[in-house]
Amino acid sequence: MIDIKFLRENPDIVKENIKKKFQEHKLSLVDEVIELDKERREIQGKADTIRAEKNKISKQIGALMAQGKKEEAEEVKKKVAESAALLKELEEKEPVLEEKVKSIMMRIPNIIDDSVPIGKDDTENVEVQKYGEPVVPDFEVPYHTEIIEKLAGIDLDSAREVAGNGFYYLIGDVARLHSAVLAYARDFMINKGFTYVIPPYMIRSDVVTGVMSFEEMEAMMYKIEGEDLYLIGTSEHSMIGRFINKMVDEDSLPLTFTSYSPCFRKEKGAHGIEERGVYRIHQFEKQEMVVICKPEESMEWFDKMWGYTVELFRSLDIPVRTLECCSGDLADLKVKSIDVEAWSPRQKKYFEVGSCSNLGDAQARRLKIRVKDNDNNKYLAHTLNNTVVAPPRMLIAFLENNLNEDGSVNIPESLRPYMGGIEKIVPAK
């Protein structure tokens with residue numbers, strides 16, 4: 001959510017930004033919110049004037065009564081009663097207009113960074129750089145569920161009976177590998193100086209609307225029936241929500257966290273749910289990183305954060321590339337975003353395994369996360385988030401890139417301490 005004052009003073013910039021995101025249907029919202037904001041401020045001004053006049057008249061009444069001028073005091077009281085009725089009417093209108101303005105402002109996209117490439121959708125995202133040499137082995141790489149099935153590591157049929165499509169049982173060494181990757185990612189980020197956190201897996205609606213757009217909320221979130229609670233789609237939601245309505249001392253910045261959580265997503269839309277696989281699913285686990293910092297430091301942290309993900313994947317012998325998200329592919333709260341994609345030897349192309357986003361002050365504005373400096377000045381923090389790893393999707397890249405022709409899977413040296421020292425997972429007999 002952008003600053004209403006900025007919109008008021010720069011409507012053309014806001015409209016141009018909407019056009020860059022190919023959301024022309026939202027252009028009318030700018031003029032609509034300007035008119036509502038003008039009406040709101042006029043009503044607020046009138047109400048403030050009446051309140052001031054009311055206080056002044058109340059003092060006059062006291063003075064007249066003290067002088068014994070009861071009739072004059074009664075006449076003045078009538079004026080107070082008339083102004084009180086008008087004030088009540090204005091005070092009833094104020095919150096209604098305030099809510100209308102807020103509702104529209106939350107639908108207007110954040111101002112994207114000048115460096116963001118302009119494009120309609122993810123097909124126009126721009127490759128930034130490749131890391132590692134993509135390899136296609138001499139043998140045919142099977143579909144990832146076939147690899148896991150040979151390792152006796154998955155049961156999709158039972159999961160479908162228990163919970164439906166989009167769920168899975170991971171078993172044995174594959175389940176252990178799943179947990180090992182998360183533990184390795186946790187320690188990797190702790191060694192980078194991040195504080196490890198396990199957050200709540202449910203959040204209230206005021207946090208949901210503070211961290212994401214309405215469109216994302218509808219497409220992603222599961223609501224707990226009968227309660228004001230939602231299952232998180234990523235731990236970023238509850239991690240940023242931790243600071244709702246808080247004043248943060250500038251000296252404590254940057255705040256750097258790495259958080260573990262299960263994640264729950266509806267996965268509505270064109271992509272749908274995979275019936276035979278674990279790429280697009282309703283439930284998965286993720287190691288996340290979250291940073292709260294000064295505005296002038298957010299782009300520096302943005303580059304550090306996606307760089308950590310690249311470094312981690314390369315330490316596991318997985319080639320990756322970075323992809324700059326174009327304007328039309330950015331969620332409304334995002335200023336800039338880079339996807340990290342892993343190489344798939346089977347598909348002979350890269351696929352998304354993580355995303356790093358700078359949200360500027362949008363989440364902080366919605367959640368009222370402010371910073372106080374040593375001179376007592378107050379300003380909004382900047383928030384960023386990035387995927388460290390998100391198995392089981394990440395396991396697809398891991399298994400394909402470490403697969404041998406006999407169906408066994410190599411364990412890179414960096415991961416062996418988390419796998420009890422084993423060097424290879426072998427097919428079940």
# chains A, B, ... in the order shown; residues from 1 in each chain; ligands from 1

call {"tool": "select_by_dssp", "arguments": {"residues": "region 125-317 of chain A", "states": "strand (DSSP E)", "output": "NGL selection string"}}
result
:A and (126-131 or 154-155 or 169-170 or 195-197 or 202-203 or 222-223 or 230-231 or 247-249 or 255-264 or 283-293)

call {"tool": "residues_around", "arguments": {"residues": "region 312-329 of chain A", "least_positions_apart": "6", "cutoff": "9 Å", "atoms": "only C-alpha atoms", "output": "ChimeraX atom specification"}}
result
/A:20-23,112,116-135,185,188,306,336-344,350-351,388-389,397-398,401-402,411-415

call {"tool": "select_by_dssp", "arguments": {"residues": "region 21-258 of chain A", "states": "alpha helix (DSSP H)", "output": "MDAnalysis selection string"}}
result
chainID A and resid 27:66 70:105 144:150 156:163 172:190 205:211 214:220 235:241

call {"tool": "closest_atom_pairs", "arguments": {"of": "region 328-347 of chain A", "to": "region 359-371 of chain A", "cutoff": "8 Å", "atoms": "only C-alpha atoms", "output": "JSON lines"}}
result
{"residue": "A:Leu333", "atom": "CA", "partner": "A:Leu359", "partner_atom": "CA", "distance": 5.8}
{"residue": "A:Lys334", "atom": "CA", "partner": "A:Leu359", "partner_atom": "CA", "distance": 4.4}
{"residue": "A:Val335", "atom": "CA", "partner": "A:Leu359", "partner_atom": "CA", "distance": 5.2}
{"residue": "A:Lys336", "atom": "CA", "partner": "A:Leu359", "partner_atom": "CA", "distance": 7.2}

call {"tool": "write_last_selection", "arguments": {"atoms": "all heavy atoms", "output": "compact mmCIF listing (two decimals), in the first residue's frame"}}
result
# COMPACT_ATOMS: atom_id res chain seq x y z
N LEU A 333 2.10 -5.79 -3.78
CA LEU A 333 2.87 -5.16 -2.70
C LEU A 333 4.37 -5.09 -3.01
O LEU A 333 5.11 -4.37 -2.34
CB LEU A 333 2.67 -5.91 -1.38
CG LEU A 333 1.53 -5.40 -0.48
CD1 LEU A 333 0.19 -5.69 -1.13
CD2 LEU A 333 1.59 -6.05 0.89
N LYS A 334 4.82 -5.79 -4.03
CA LYS A 334 6.25 -5.91 -4.27
C LYS A 334 6.83 -4.75 -5.07
O LYS A 334 6.24 -4.28 -6.04
CB LYS A 334 6.54 -7.23 -4.99
CG LYS A 334 6.22 -8.46 -4.16
CD LYS A 334 6.53 -9.75 -4.91
CE LYS A 334 6.20 -10.97 -4.06
NZ LYS A 334 6.51 -12.24 -4.77
N VAL A 335 8.03 -4.35 -4.66
CA VAL A 335 8.79 -3.31 -5.35
C VAL A 335 9.70 -3.95 -6.41
O VAL A 335 9.89 -3.41 -7.50
CB VAL A 335 9.65 -2.51 -4.35
CG1 VAL A 335 10.62 -1.58 -5.05
CG2 VAL A 335 8.75 -1.73 -3.39
N LYS A 336 10.24 -5.11 -6.07
CA LYS A 336 11.18 -5.80 -6.95
C LYS A 336 11.26 -7.26 -6.50
O LYS A 336 11.15 -7.56 -5.31
CB LYS A 336 12.56 -5.14 -6.85
CG LYS A 336 13.62 -5.64 -7.85
CD LYS A 336 14.90 -4.83 -7.68
CE LYS A 336 16.05 -5.34 -8.55
NZ LYS A 336 15.81 -5.09 -9.99

call {"tool": "closest_atom_pairs", "arguments": {"of": "region 86-127 of chain A", "to": "region 33-39 of chain A", "cutoff": "8 Å", "atoms": "only C-alpha atoms", "output": "CSV"}}
result
residue,atom,partner,partner_atom,distance
A:Leu97,CA,A:Leu36,CA,6.7
A:Glu98,CA,A:Asp37,CA,7.9
A:Lys100,CA,A:Leu36,CA,7.6
A:Val101,CA,A:Val33,CA,5.8
A:Ile104,CA,A:Val33,CA,6.6
A:Met105,CA,A:Val33,CA,7.3

call {"tool": "write_last_selection", "arguments": {"atoms": "all heavy atoms", "output": "PDB file, in the first residue's frame"}}
result
ATOM      1  N   LEU A  97     -15.969   6.850   5.441  1.00  0.00           N
ATOM      2  CA  LEU A  97     -15.097   7.325   4.366  1.00  0.00           C
ATOM      3  C   LEU A  97     -13.676   6.808   4.549  1.00  0.00           C
ATOM      4  O   LEU A  97     -12.996   6.467   3.579  1.00  0.00           O
ATOM      5  CB  LEU A  97     -15.105   8.856   4.327  1.00  0.00           C
ATOM      6  CG  LEU A  97     -16.373   9.495   3.752  1.00  0.00           C
ATOM      7  CD1 LEU A  97     -16.382  11.003   4.000  1.00  0.00           C
ATOM      8  CD2 LEU A  97     -16.486   9.206   2.263  1.00  0.00           C
ATOM      9  N   GLU A  98     -13.226   6.763   5.801  1.00  0.00           N
ATOM     10  CA  GLU A  98     -11.881   6.258   6.109  1.00  0.00           C
ATOM     11  C   GLU A  98     -11.728   4.817   5.620  1.00  0.00           C
ATOM     12  O   GLU A  98     -10.705   4.456   5.028  1.00  0.00           O
ATOM     13  CB  GLU A  98     -11.656   6.326   7.629  1.00  0.00           C
ATOM     14  CG  GLU A  98     -10.253   5.982   8.082  1.00  0.00           C
ATOM     15  CD  GLU A  98      -9.280   7.126   7.914  1.00  0.00           C
ATOM     16  OE1 GLU A  98      -9.620   8.272   8.242  1.00  0.00           O
ATOM     17  OE2 GLU A  98      -8.171   6.837   7.424  1.00  0.00           O
ATOM     18  N   LYS A 100     -13.543   3.313   3.272  1.00  0.00           N
ATOM     19  CA  LYS A 100     -13.609   3.282   1.807  1.00  0.00           C
ATOM     20  C   LYS A 100     -12.256   3.630   1.198  1.00  0.00           C
ATOM     21  O   LYS A 100     -11.797   2.980   0.261  1.00  0.00           O
ATOM     22  CB  LYS A 100     -14.667   4.267   1.309  1.00  0.00           C
ATOM     23  CG  LYS A 100     -16.102   3.783   1.451  1.00  0.00           C
ATOM     24  CD  LYS A 100     -17.067   4.788   0.861  1.00  0.00           C
ATOM     25  CE  LYS A 100     -18.517   4.314   0.990  1.00  0.00           C
ATOM     26  NZ  LYS A 100     -19.470   5.311   0.412  1.00  0.00           N
ATOM     27  N   VAL A 101     -11.619   4.667   1.732  1.00  0.00           N
ATOM     28  CA  VAL A 101     -10.302   5.089   1.240  1.00  0.00           C
ATOM     29  C   VAL A 101      -9.286   3.969   1.439  1.00  0.00           C
ATOM     30  O   VAL A 101      -8.526   3.626   0.527  1.00  0.00           O
ATOM     31  CB  VAL A 101      -9.832   6.382   1.947  1.00  0.00           C
ATOM     32  CG1 VAL A 101      -8.358   6.655   1.643  1.00  0.00           C
ATOM     33  CG2 VAL A 101     -10.675   7.565   1.525  1.00  0.00           C
ATOM     34  N   ILE A 104      -9.788   0.973  -1.011  1.00  0.00           N
ATOM     35  CA  ILE A 104      -9.317   1.242  -2.372  1.00  0.00           C
ATOM     36  C   ILE A 104      -7.794   1.303  -2.417  1.00  0.00           C
ATOM     37  O   ILE A 104      -7.163   0.760  -3.328  1.00  0.00           O
ATOM     38  CB  ILE A 104      -9.921   2.558  -2.909  1.00  0.00           C
ATOM     39  CG1 ILE A 104     -11.445   2.423  -3.032  1.00  0.00           C
ATOM     40  CG2 ILE A 104      -9.312   2.919  -4.258  1.00  0.00           C
ATOM     41  CD1 ILE A 104     -12.140   3.712  -3.374  1.00  0.00           C
ATOM     42  N   MET A 105      -7.197   1.953  -1.421  1.00  0.00           N
ATOM     43  CA  MET A 105      -5.734   2.065  -1.381  1.00  0.00           C
ATOM     44  C   MET A 105      -5.067   0.695  -1.345  1.00  0.00           C
ATOM     45  O   MET A 105      -3.986   0.504  -1.902  1.00  0.00           O
ATOM     46  CB  MET A 105      -5.304   2.883  -0.157  1.00  0.00           C
ATOM     47  CG  MET A 105      -5.592   4.370  -0.268  1.00  0.00           C
ATOM     48  SD  MET A 105      -4.696   5.165  -1.620  1.00  0.00           S
ATOM     49  CE  MET A 105      -3.013   5.011  -1.061  1.00  0.00           C
TER      50      MET A 105
END

call {"tool": "residues_around", "arguments": {"residues": "Ala390 (chain A)", "least_positions_apart": "4", "cutoff": "8 Å", "atoms": "only C-alpha atoms", "output": "JSON, numbers by chain"}}
result
{"A": [284, 285, 286, 287, 353, 354, 394]}

call {"tool": "write_last_selection", "arguments": {"atoms": "all heavy atoms", "output": "PDB file, in the first residue's frame"}}
result
ATOM      1  N   PHE A 284       3.452 -28.166   2.210  1.00  0.00           N
ATOM      2  CA  PHE A 284       4.888 -28.399   2.080  1.00  0.00           C
ATOM      3  C   PHE A 284       5.586 -27.704   3.247  1.00  0.00           C
ATOM      4  O   PHE A 284       4.940 -27.046   4.068  1.00  0.00           O
ATOM      5  CB  PHE A 284       5.432 -27.880   0.742  1.00  0.00           C
ATOM      6  CG  PHE A 284       5.197 -26.408   0.497  1.00  0.00           C
ATOM      7  CD1 PHE A 284       6.180 -25.473   0.776  1.00  0.00           C
ATOM      8  CD2 PHE A 284       3.987 -25.963  -0.029  1.00  0.00           C
ATOM      9  CE1 PHE A 284       5.964 -24.112   0.548  1.00  0.00           C
ATOM     10  CE2 PHE A 284       3.758 -24.610  -0.252  1.00  0.00           C
ATOM     11  CZ  PHE A 284       4.754 -23.686   0.033  1.00  0.00           C
ATOM     12  N   GLU A 285       6.900 -27.869   3.343  1.00  0.00           N
ATOM     13  CA  GLU A 285       7.667 -27.223   4.402  1.00  0.00           C
ATOM     14  C   GLU A 285       8.707 -26.309   3.781  1.00  0.00           C
ATOM     15  O   GLU A 285       9.158 -26.540   2.652  1.00  0.00           O
ATOM     16  CB  GLU A 285       8.333 -28.267   5.288  1.00  0.00           C
ATOM     17  CG  GLU A 285       7.325 -29.065   6.112  1.00  0.00           C
ATOM     18  CD  GLU A 285       7.973 -30.192   6.890  1.00  0.00           C
ATOM     19  OE1 GLU A 285       8.560 -29.919   7.949  1.00  0.00           O
ATOM     20  OE2 GLU A 285       7.898 -31.335   6.417  1.00  0.00           O
ATOM     21  N   LYS A 286       9.084 -25.283   4.524  1.00  0.00           N
ATOM     22  CA  LYS A 286       9.976 -24.292   3.940  1.00  0.00           C
ATOM     23  C   LYS A 286      10.859 -23.650   4.996  1.00  0.00           C
ATOM     24  O   LYS A 286      10.442 -23.450   6.135  1.00  0.00           O
ATOM     25  CB  LYS A 286       9.153 -23.216   3.216  1.00  0.00           C
ATOM     26  CG  LYS A 286       9.995 -22.192   2.477  1.00  0.00           C
ATOM     27  CD  LYS A 286       9.201 -21.439   1.421  1.00  0.00           C
ATOM     28  CE  LYS A 286       8.163 -20.534   1.995  1.00  0.00           C
ATOM     29  NZ  LYS A 286       7.963 -19.322   1.158  1.00  0.00           N
ATOM     30  N   GLN A 287      12.088 -23.357   4.597  1.00  0.00           N
ATOM     31  CA  GLN A 287      12.985 -22.520   5.379  1.00  0.00           C
ATOM     32  C   GLN A 287      13.007 -21.158   4.692  1.00  0.00           C
ATOM     33  O   GLN A 287      13.294 -21.067   3.491  1.00  0.00           O
ATOM     34  CB  GLN A 287      14.394 -23.116   5.450  1.00  0.00           C
ATOM     35  CG  GLN A 287      15.301 -22.450   6.467  1.00  0.00           C
ATOM     36  CD  GLN A 287      14.900 -22.750   7.908  1.00  0.00           C
ATOM     37  OE1 GLN A 287      14.371 -23.823   8.197  1.00  0.00           O
ATOM     38  NE2 GLN A 287      15.140 -21.818   8.815  1.00  0.00           N
ATOM     39  N   VAL A 353      12.384 -22.572  -7.762  1.00  0.00           N
ATOM     40  CA  VAL A 353      12.520 -23.205  -6.453  1.00  0.00           C
ATOM     41  C   VAL A 353      12.509 -22.185  -5.310  1.00  0.00           C
ATOM     42  O   VAL A 353      12.533 -22.548  -4.134  1.00  0.00           O
ATOM     43  CB  VAL A 353      13.809 -24.054  -6.368  1.00  0.00           C
ATOM     44  CG1 VAL A 353      13.693 -25.311  -7.209  1.00  0.00           C
ATOM     45  CG2 VAL A 353      15.045 -23.245  -6.754  1.00  0.00           C
ATOM     46  N   GLY A 354      12.471 -20.900  -5.653  1.00  0.00           N
ATOM     47  CA  GLY A 354      12.445 -19.886  -4.605  1.00  0.00           C
ATOM     48  C   GLY A 354      12.264 -18.501  -5.193  1.00  0.00           C
ATOM     49  O   GLY A 354      12.467 -18.290  -6.396  1.00  0.00           O
ATOM     50  N   MET A 394      12.066 -28.604  -3.825  1.00  0.00           N
ATOM     51  CA  MET A 394      13.509 -28.554  -3.968  1.00  0.00           C
ATOM     52  C   MET A 394      14.096 -29.955  -4.156  1.00  0.00           C
ATOM     53  O   MET A 394      15.130 -30.133  -4.815  1.00  0.00           O
ATOM     54  CB  MET A 394      14.108 -27.875  -2.736  1.00  0.00           C
ATOM     55  CG  MET A 394      15.601 -27.706  -2.752  1.00  0.00           C
ATOM     56  SD  MET A 394      16.438 -29.107  -2.002  1.00  0.00           S
ATOM     57  CE  MET A 394      18.129 -28.528  -2.114  1.00  0.00           C
TER      58      MET A 394
END
